[in-house]
Amino acid sequence: MGNTIANATHQAYDLGSGNRGCVAPSSSGTTDAARLFTLDINGNGGVVGENVADSSGLLSGNDVFTGTAGRTLYSDDIQYDGHNVIKTGVLTGHNGFGQIGGVIDFLSHPNANYLYRGDEYWVRNRIYLPAGFEYNQNGRNKYFRTRTHHPDGTSHGYIDLYIDGQPIGGTPWDFIYEGVQSWFAVGDSGDALTLGAWHTVEMHVRLDHLKGSEGGDALVRIWFDDRLIGETTERNTLVHTDDEVRSFYYFTYWGNAGAHKDIDIYFDQLEITSEQPSNIDAAGNHYLGVNGGAV
């Protein structure tokens, strides 16, 4: 079983290392009203075999990636909740960039906005790894990636959730903000993706260049199949007070050594929102959840 918070007083935890202080459930969203948005990339409404990307961010009125999604296609190979899904993957020997997943440039997408210190966002995804899937044999798999910049354009790296297919110490998920380089190991053996089954993964991030112990509001929460498996205020989520979140990357890269075999992944309902969801988890936290939809 995954780690859970067992009582209403919300005993927060930081798996692996770091602070075990209390993280109070937020009673209202913190994102400025001018920057509220929701994107939902899913298999509905697309043409089977069509690329799930357009430089405008929209296809037939549906949210899609703005680029870097060469092998990301609408598919009817399998279904989620009775609807078509999206298939992505990487070919043998390829590092994956330009093939797997996709990028959403918030400036290019008409339904998105840059995010700043004090803002927060949730990203939730349904994912299916088919029989025969092989994790990256040379390291972790990049999964949810939110890119940060200084206003002058200097990249400060990605707010990353990784899939650890070969867990270190039994932790199938790893978080890091590249701008600060402090890993946060998340979950246990019951929180790992299993082949041939749909799973739901969600991450909530509040943006701040200061951690809780520094008087800041930085926050990271991770859910797996509706269970809160990781939470910390002791990881920075920006480098400087005026940094900007400019884009979101879904997978996009397999690894320097390339894939050892052709890899396919199915997903659906990749939802990104800066608006506080209405669903509440067992600990009193707002989240999209397994049964949640667009906020």
# chains A, B, ... in the order shown; residues from 1 in each chain; ligands from 1
call {"tool": "residues_around", "arguments": {"residues": "Asp225 in chain A", "least_positions_apart": "3", "cutoff": "10 Å", "atoms": "only C-alpha atoms", "output": "MDAnalysis selection string"}}
result
chainID A and resid 2 126 191 193 198:202 228:229 289:290
call {"tool": "residues_around", "arguments": {"residues": "Thr88 in chain A", "least_positions_apart": "4", "cutoff": "9 Å", "atoms": "only C-alpha atoms", "output": "MDAnalysis selection string"}}
result
chainID A and resid 69:74 99:101 263:267
call {"tool": "write_last_selection", "arguments": {"atoms": "N, CA and C atoms", "output": "CSV table (one decimal), in the first residue's frame"}}
result
chain,number,residue,atom,x,y,z
A,69,ALA,N,6.3,16.7,-30.6
A,69,ALA,CA,5.4,15.6,-30.4
A,69,ALA,C,5.3,14.7,-31.6
A,70,GLY,N,6.4,14.3,-32.2
A,70,GLY,CA,6.4,13.7,-33.5
A,70,GLY,C,5.8,12.3,-33.5
A,71,ARG,N,5.8,11.5,-32.4
A,71,ARG,CA,5.2,10.2,-32.3
A,71,ARG,C,4.1,10.2,-31.3
A,72,THR,N,3.4,11.3,-31.1
A,72,THR,CA,2.3,11.5,-30.2
A,72,THR,C,1.0,11.6,-31.0
A,73,LEU,N,0.2,10.5,-31.1
A,73,LEU,CA,-0.9,10.4,-32.0
A,73,LEU,C,-2.2,10.0,-31.3
A,74,TYR,N,-3.3,10.5,-31.8
A,74,TYR,CA,-4.6,10.0,-31.4
A,74,TYR,C,-4.7,8.5,-31.7
A,99,GLN,N,10.1,13.0,-30.5
A,99,GLN,CA,9.3,11.8,-30.7
A,99,GLN,C,8.3,11.7,-29.5
A,100,ILE,N,8.8,11.5,-28.3
A,100,ILE,CA,7.9,11.1,-27.2
A,100,ILE,C,7.3,12.3,-26.5
A,101,GLY,N,6.0,12.2,-26.2
A,101,GLY,CA,5.4,13.3,-25.4
A,101,GLY,C,5.2,14.6,-26.2
A,263,ILE,N,9.5,1.7,-27.9
A,263,ILE,CA,8.7,1.9,-26.7
A,263,ILE,C,7.4,2.6,-27.0
A,264,ASP,N,6.3,2.0,-26.5
A,264,ASP,CA,4.9,2.7,-26.7
A,264,ASP,C,4.4,3.0,-25.3
A,265,ILE,N,3.7,4.1,-25.2
A,265,ILE,CA,3.0,4.5,-23.9
A,265,ILE,C,1.6,5.1,-24.4
A,266,TYR,N,0.6,4.8,-23.6
A,266,TYR,CA,-0.7,5.3,-23.8
A,266,TYR,C,-1.1,6.3,-22.7
A,267,PHE,N,-1.7,7.4,-23.0
A,267,PHE,CA,-2.2,8.3,-21.9
A,267,PHE,C,-3.5,9.0,-22.3
call {"tool": "residues_around", "arguments": {"residues": "Ile159 in chain A", "least_positions_apart": "4", "cutoff": "7 Å", "atoms": "only C-alpha atoms", "output": "list in words"}}
result
Arg145, Thr146, Arg147, Ile176, Tyr177, Glu178 and Thr237 of chain A
call {"tool": "write_last_selection", "arguments": {"atoms": "C-alpha atoms", "output": "PDB file, in the first residue's frame"}}
result
ATOM      1  CA  ARG A 145       8.421  18.891 -16.428  1.00  0.00           C
ATOM      2  CA  THR A 146       7.672  22.592 -15.925  1.00  0.00           C
ATOM      3  CA  ARG A 147      10.356  24.936 -17.262  1.00  0.00           C
ATOM      4  CA  ILE A 176      13.782  17.593  -8.309  1.00  0.00           C
ATOM      5  CA  TYR A 177      13.909  21.258  -9.190  1.00  0.00           C
ATOM      6  CA  GLU A 178      16.941  21.580 -11.440  1.00  0.00           C
ATOM      7  CA  THR A 237      10.400  25.659  -6.794  1.00  0.00           C
TER       8      THR A 237
END
call {"tool": "select_by_dssp", "arguments": {"residues": "range 144-206 of chain A", "states": "strand (DSSP E or B)", "output": "JSON, numbers by chain"}}
result
{"A": [144, 145, 146, 147, 148, 149, 155, 156, 157, 158, 159, 160, 161, 162, 163, 164, 165, 166, 167, 168, 171, 172, 173, 174, 175, 176, 177, 184, 185, 186, 195, 198, 199, 200, 201, 202, 203, 204, 205, 206]}
call {"tool": "closest_atom_pairs", "arguments": {"of": "range 41-123 of chain A", "to": "range 276-283 of chain A", "cutoff": "12 Å", "atoms": "only C-alpha atoms", "output": "tab-separated table"}}
result
residue	atom	partner	partner_atom	distance
A:Asp119	CA	A:Gln276	CA	10.4
A:Glu120	CA	A:Gln276	CA	8.3
A:Tyr121	CA	A:Gln276	CA	7.8
A:Trp122	CA	A:Gln276	CA	8.1
A:Val123	CA	A:Pro277	CA	10.9
call {"tool": "write_last_selection", "arguments": {"atoms": "C-alpha atoms", "output": "compact mmCIF listing (two decimals), in the first residue's frame"}}
result
# COMPACT_ATOMS: atom_id res chain seq x y z
CA ASP A 119 1.08 31.01 -8.15
CA GLU A 120 0.35 27.29 -8.06
CA TYR A 121 -0.57 24.60 -10.54
CA TRP A 122 -1.84 21.03 -10.65
CA VAL A 123 -1.02 18.49 -13.37
call {"tool": "select_by_dssp", "arguments": {"residues": "range 180-243 of chain A", "states": "helix (DSSP H, G or I)", "output": "PDB file with C-alpha atoms, in the first residue's frame"}}
result
ATOM      1  CA  SER A 189       6.547  -0.351  -3.895  1.00  0.00           C
ATOM      2  CA  GLY A 190       2.748  -0.039  -3.851  1.00  0.00           C
ATOM      3  CA  ASP A 191       2.949   3.281  -5.677  1.00  0.00           C
ATOM      4  CA  GLY A 212       9.155  26.614   4.321  1.00  0.00           C
ATOM      5  CA  SER A 213      12.155  26.657   6.663  1.00  0.00           C
ATOM      6  CA  GLU A 214      13.268  29.890   4.980  1.00  0.00           C
TER       7      GLU A 214
END
call {"tool": "decode", "arguments": {"residues": "range 162-212 of chain A", "atoms": "N, CA and C atoms", "output": "compact mmCIF listing (two decimals), in the first residue's frame"}}
result
# COMPACT_ATOMS: atom_id res chain seq x y z
N TYR A 162 10.04 12.56 -11.94
CA TYR A 162 10.60 11.45 -12.69
C TYR A 162 9.93 10.14 -12.29
N ILE A 163 9.82 9.23 -13.28
CA ILE A 163 9.47 7.84 -13.01
C ILE A 163 10.77 7.09 -12.79
N ASP A 164 10.91 6.47 -11.64
CA ASP A 164 12.11 5.69 -11.34
C ASP A 164 11.77 4.23 -11.53
N GLY A 165 12.05 3.69 -12.69
CA GLY A 165 11.70 2.32 -13.02
C GLY A 165 12.54 1.30 -12.29
N GLN A 166 13.68 1.73 -11.76
CA GLN A 166 14.54 0.85 -10.97
C GLN A 166 14.78 1.55 -9.64
N PRO A 167 13.76 1.51 -8.76
CA PRO A 167 13.75 2.37 -7.58
C PRO A 167 14.97 2.21 -6.67
N ILE A 168 15.44 3.34 -6.19
CA ILE A 168 16.50 3.36 -5.19
C ILE A 168 15.81 3.40 -3.84
N GLY A 169 16.02 2.39 -3.02
CA GLY A 169 15.39 2.34 -1.71
C GLY A 169 13.88 2.19 -1.77
N GLY A 170 13.37 1.60 -2.88
CA GLY A 170 11.95 1.34 -2.99
C GLY A 170 11.11 2.56 -3.28
N THR A 171 11.67 3.59 -3.90
CA THR A 171 10.91 4.81 -4.21
C THR A 171 10.71 4.92 -5.72
N PRO A 172 9.48 4.71 -6.20
CA PRO A 172 9.24 4.68 -7.65
C PRO A 172 9.13 6.04 -8.30
N TRP A 173 9.11 7.11 -7.51
CA TRP A 173 9.00 8.46 -8.05
C TRP A 173 10.07 9.35 -7.43
N ASP A 174 10.56 10.30 -8.22
CA ASP A 174 11.56 11.23 -7.72
C ASP A 174 11.25 12.64 -8.23
N PHE A 175 11.31 13.59 -7.31
CA PHE A 175 11.11 15.01 -7.65
C PHE A 175 12.43 15.74 -7.52
N ILE A 176 12.65 16.69 -8.44
CA ILE A 176 13.78 17.59 -8.31
C ILE A 176 13.45 18.90 -9.02
N TYR A 177 13.89 20.00 -8.45
CA TYR A 177 13.91 21.26 -9.19
C TYR A 177 15.35 21.50 -9.62
N GLU A 178 15.58 21.51 -10.92
CA GLU A 178 16.94 21.58 -11.44
C GLU A 178 17.65 22.87 -11.05
N GLY A 179 16.88 23.92 -10.78
CA GLY A 179 17.50 25.18 -10.41
C GLY A 179 18.20 25.14 -9.07
N VAL A 180 17.85 24.14 -8.23
CA VAL A 180 18.42 24.04 -6.89
C VAL A 180 19.12 22.70 -6.66
N GLN A 181 18.71 21.66 -7.38
CA GLN A 181 19.34 20.34 -7.34
C GLN A 181 19.24 19.68 -5.96
N SER A 182 18.02 19.43 -5.52
CA SER A 182 17.79 18.70 -4.26
C SER A 182 16.70 17.67 -4.51
N TRP A 183 17.07 16.39 -4.53
CA TRP A 183 16.13 15.33 -4.83
C TRP A 183 15.14 15.09 -3.69
N PHE A 184 13.95 14.63 -4.05
CA PHE A 184 12.90 14.28 -3.10
C PHE A 184 12.32 12.95 -3.56
N ALA A 185 12.63 11.86 -2.83
CA ALA A 185 12.18 10.53 -3.20
C ALA A 185 10.76 10.31 -2.69
N VAL A 186 9.90 9.74 -3.54
CA VAL A 186 8.46 9.68 -3.25
C VAL A 186 7.92 8.27 -3.47
N GLY A 187 7.10 7.80 -2.52
CA GLY A 187 6.35 6.57 -2.70
C GLY A 187 7.08 5.33 -2.22
N ASP A 188 6.37 4.20 -2.30
CA ASP A 188 6.96 2.91 -1.98
C ASP A 188 6.54 1.92 -3.06
N SER A 189 6.77 0.64 -2.84
CA SER A 189 6.55 -0.35 -3.89
C SER A 189 5.09 -0.42 -4.33
N GLY A 190 4.16 -0.03 -3.48
CA GLY A 190 2.75 -0.04 -3.85
C GLY A 190 2.33 1.15 -4.67
N ASP A 191 3.25 2.06 -4.93
CA ASP A 191 2.95 3.28 -5.68
C ASP A 191 3.63 3.30 -7.04
N ALA A 192 4.02 2.14 -7.53
CA ALA A 192 4.70 2.03 -8.81
C ALA A 192 3.72 1.74 -9.93
N LEU A 193 3.99 2.23 -11.12
CA LEU A 193 3.20 1.91 -12.29
C LEU A 193 3.33 0.42 -12.60
N THR A 194 2.20 -0.23 -12.87
CA THR A 194 2.21 -1.63 -13.26
C THR A 194 1.81 -1.73 -14.73
N LEU A 195 2.35 -2.73 -15.41
CA LEU A 195 2.09 -2.89 -16.84
C LEU A 195 0.68 -3.42 -17.07
N GLY A 196 0.07 -2.96 -18.16
CA GLY A 196 -1.24 -3.45 -18.54
C GLY A 196 -2.38 -2.92 -17.70
N ALA A 197 -2.19 -1.76 -17.05
CA ALA A 197 -3.23 -1.17 -16.21
C ALA A 197 -3.17 0.35 -16.29
N TRP A 198 -4.33 0.99 -16.16
CA TRP A 198 -4.37 2.45 -16.11
C TRP A 198 -4.06 2.92 -14.69
N HIS A 199 -3.28 3.97 -14.60
CA HIS A 199 -2.99 4.62 -13.32
C HIS A 199 -3.18 6.12 -13.48
N THR A 200 -3.42 6.79 -12.35
CA THR A 200 -3.59 8.23 -12.33
C THR A 200 -2.50 8.85 -11.45
N VAL A 201 -1.77 9.80 -12.02
CA VAL A 201 -0.68 10.47 -11.31
C VAL A 201 -0.97 11.96 -11.30
N GLU A 202 -0.76 12.61 -10.16
CA GLU A 202 -1.04 14.04 -10.03
C GLU A 202 0.05 14.72 -9.21
N MET A 203 0.39 15.94 -9.60
CA MET A 203 1.36 16.74 -8.86
C MET A 203 0.80 18.16 -8.66
N HIS A 204 1.00 18.69 -7.47
CA HIS A 204 0.62 20.07 -7.14
C HIS A 204 1.88 20.82 -6.72
N VAL A 205 2.11 21.98 -7.31
CA VAL A 205 3.29 22.78 -7.01
C VAL A 205 2.87 24.21 -6.70
N ARG A 206 3.40 24.75 -5.61
CA ARG A 206 3.29 26.19 -5.34
C ARG A 206 4.66 26.81 -5.53
N LEU A 207 4.70 27.91 -6.26
CA LEU A 207 5.95 28.50 -6.71
C LEU A 207 6.52 29.49 -5.69
N ASP A 208 7.75 29.25 -5.29
CA ASP A 208 8.46 30.20 -4.43
C ASP A 208 9.95 29.89 -4.47
N HIS A 209 10.76 30.95 -4.38
CA HIS A 209 12.21 30.75 -4.33
C HIS A 209 12.68 30.43 -2.92
N LEU A 210 11.75 30.45 -1.94
CA LEU A 210 12.07 30.13 -0.55
C LEU A 210 11.28 28.91 -0.09
N LYS A 211 11.96 27.98 0.62
CA LYS A 211 11.30 26.84 1.22
C LYS A 211 10.62 27.26 2.52
N GLY A 212 9.87 26.32 3.09
CA GLY A 212 9.15 26.61 4.32
C GLY A 212 10.08 27.03 5.45
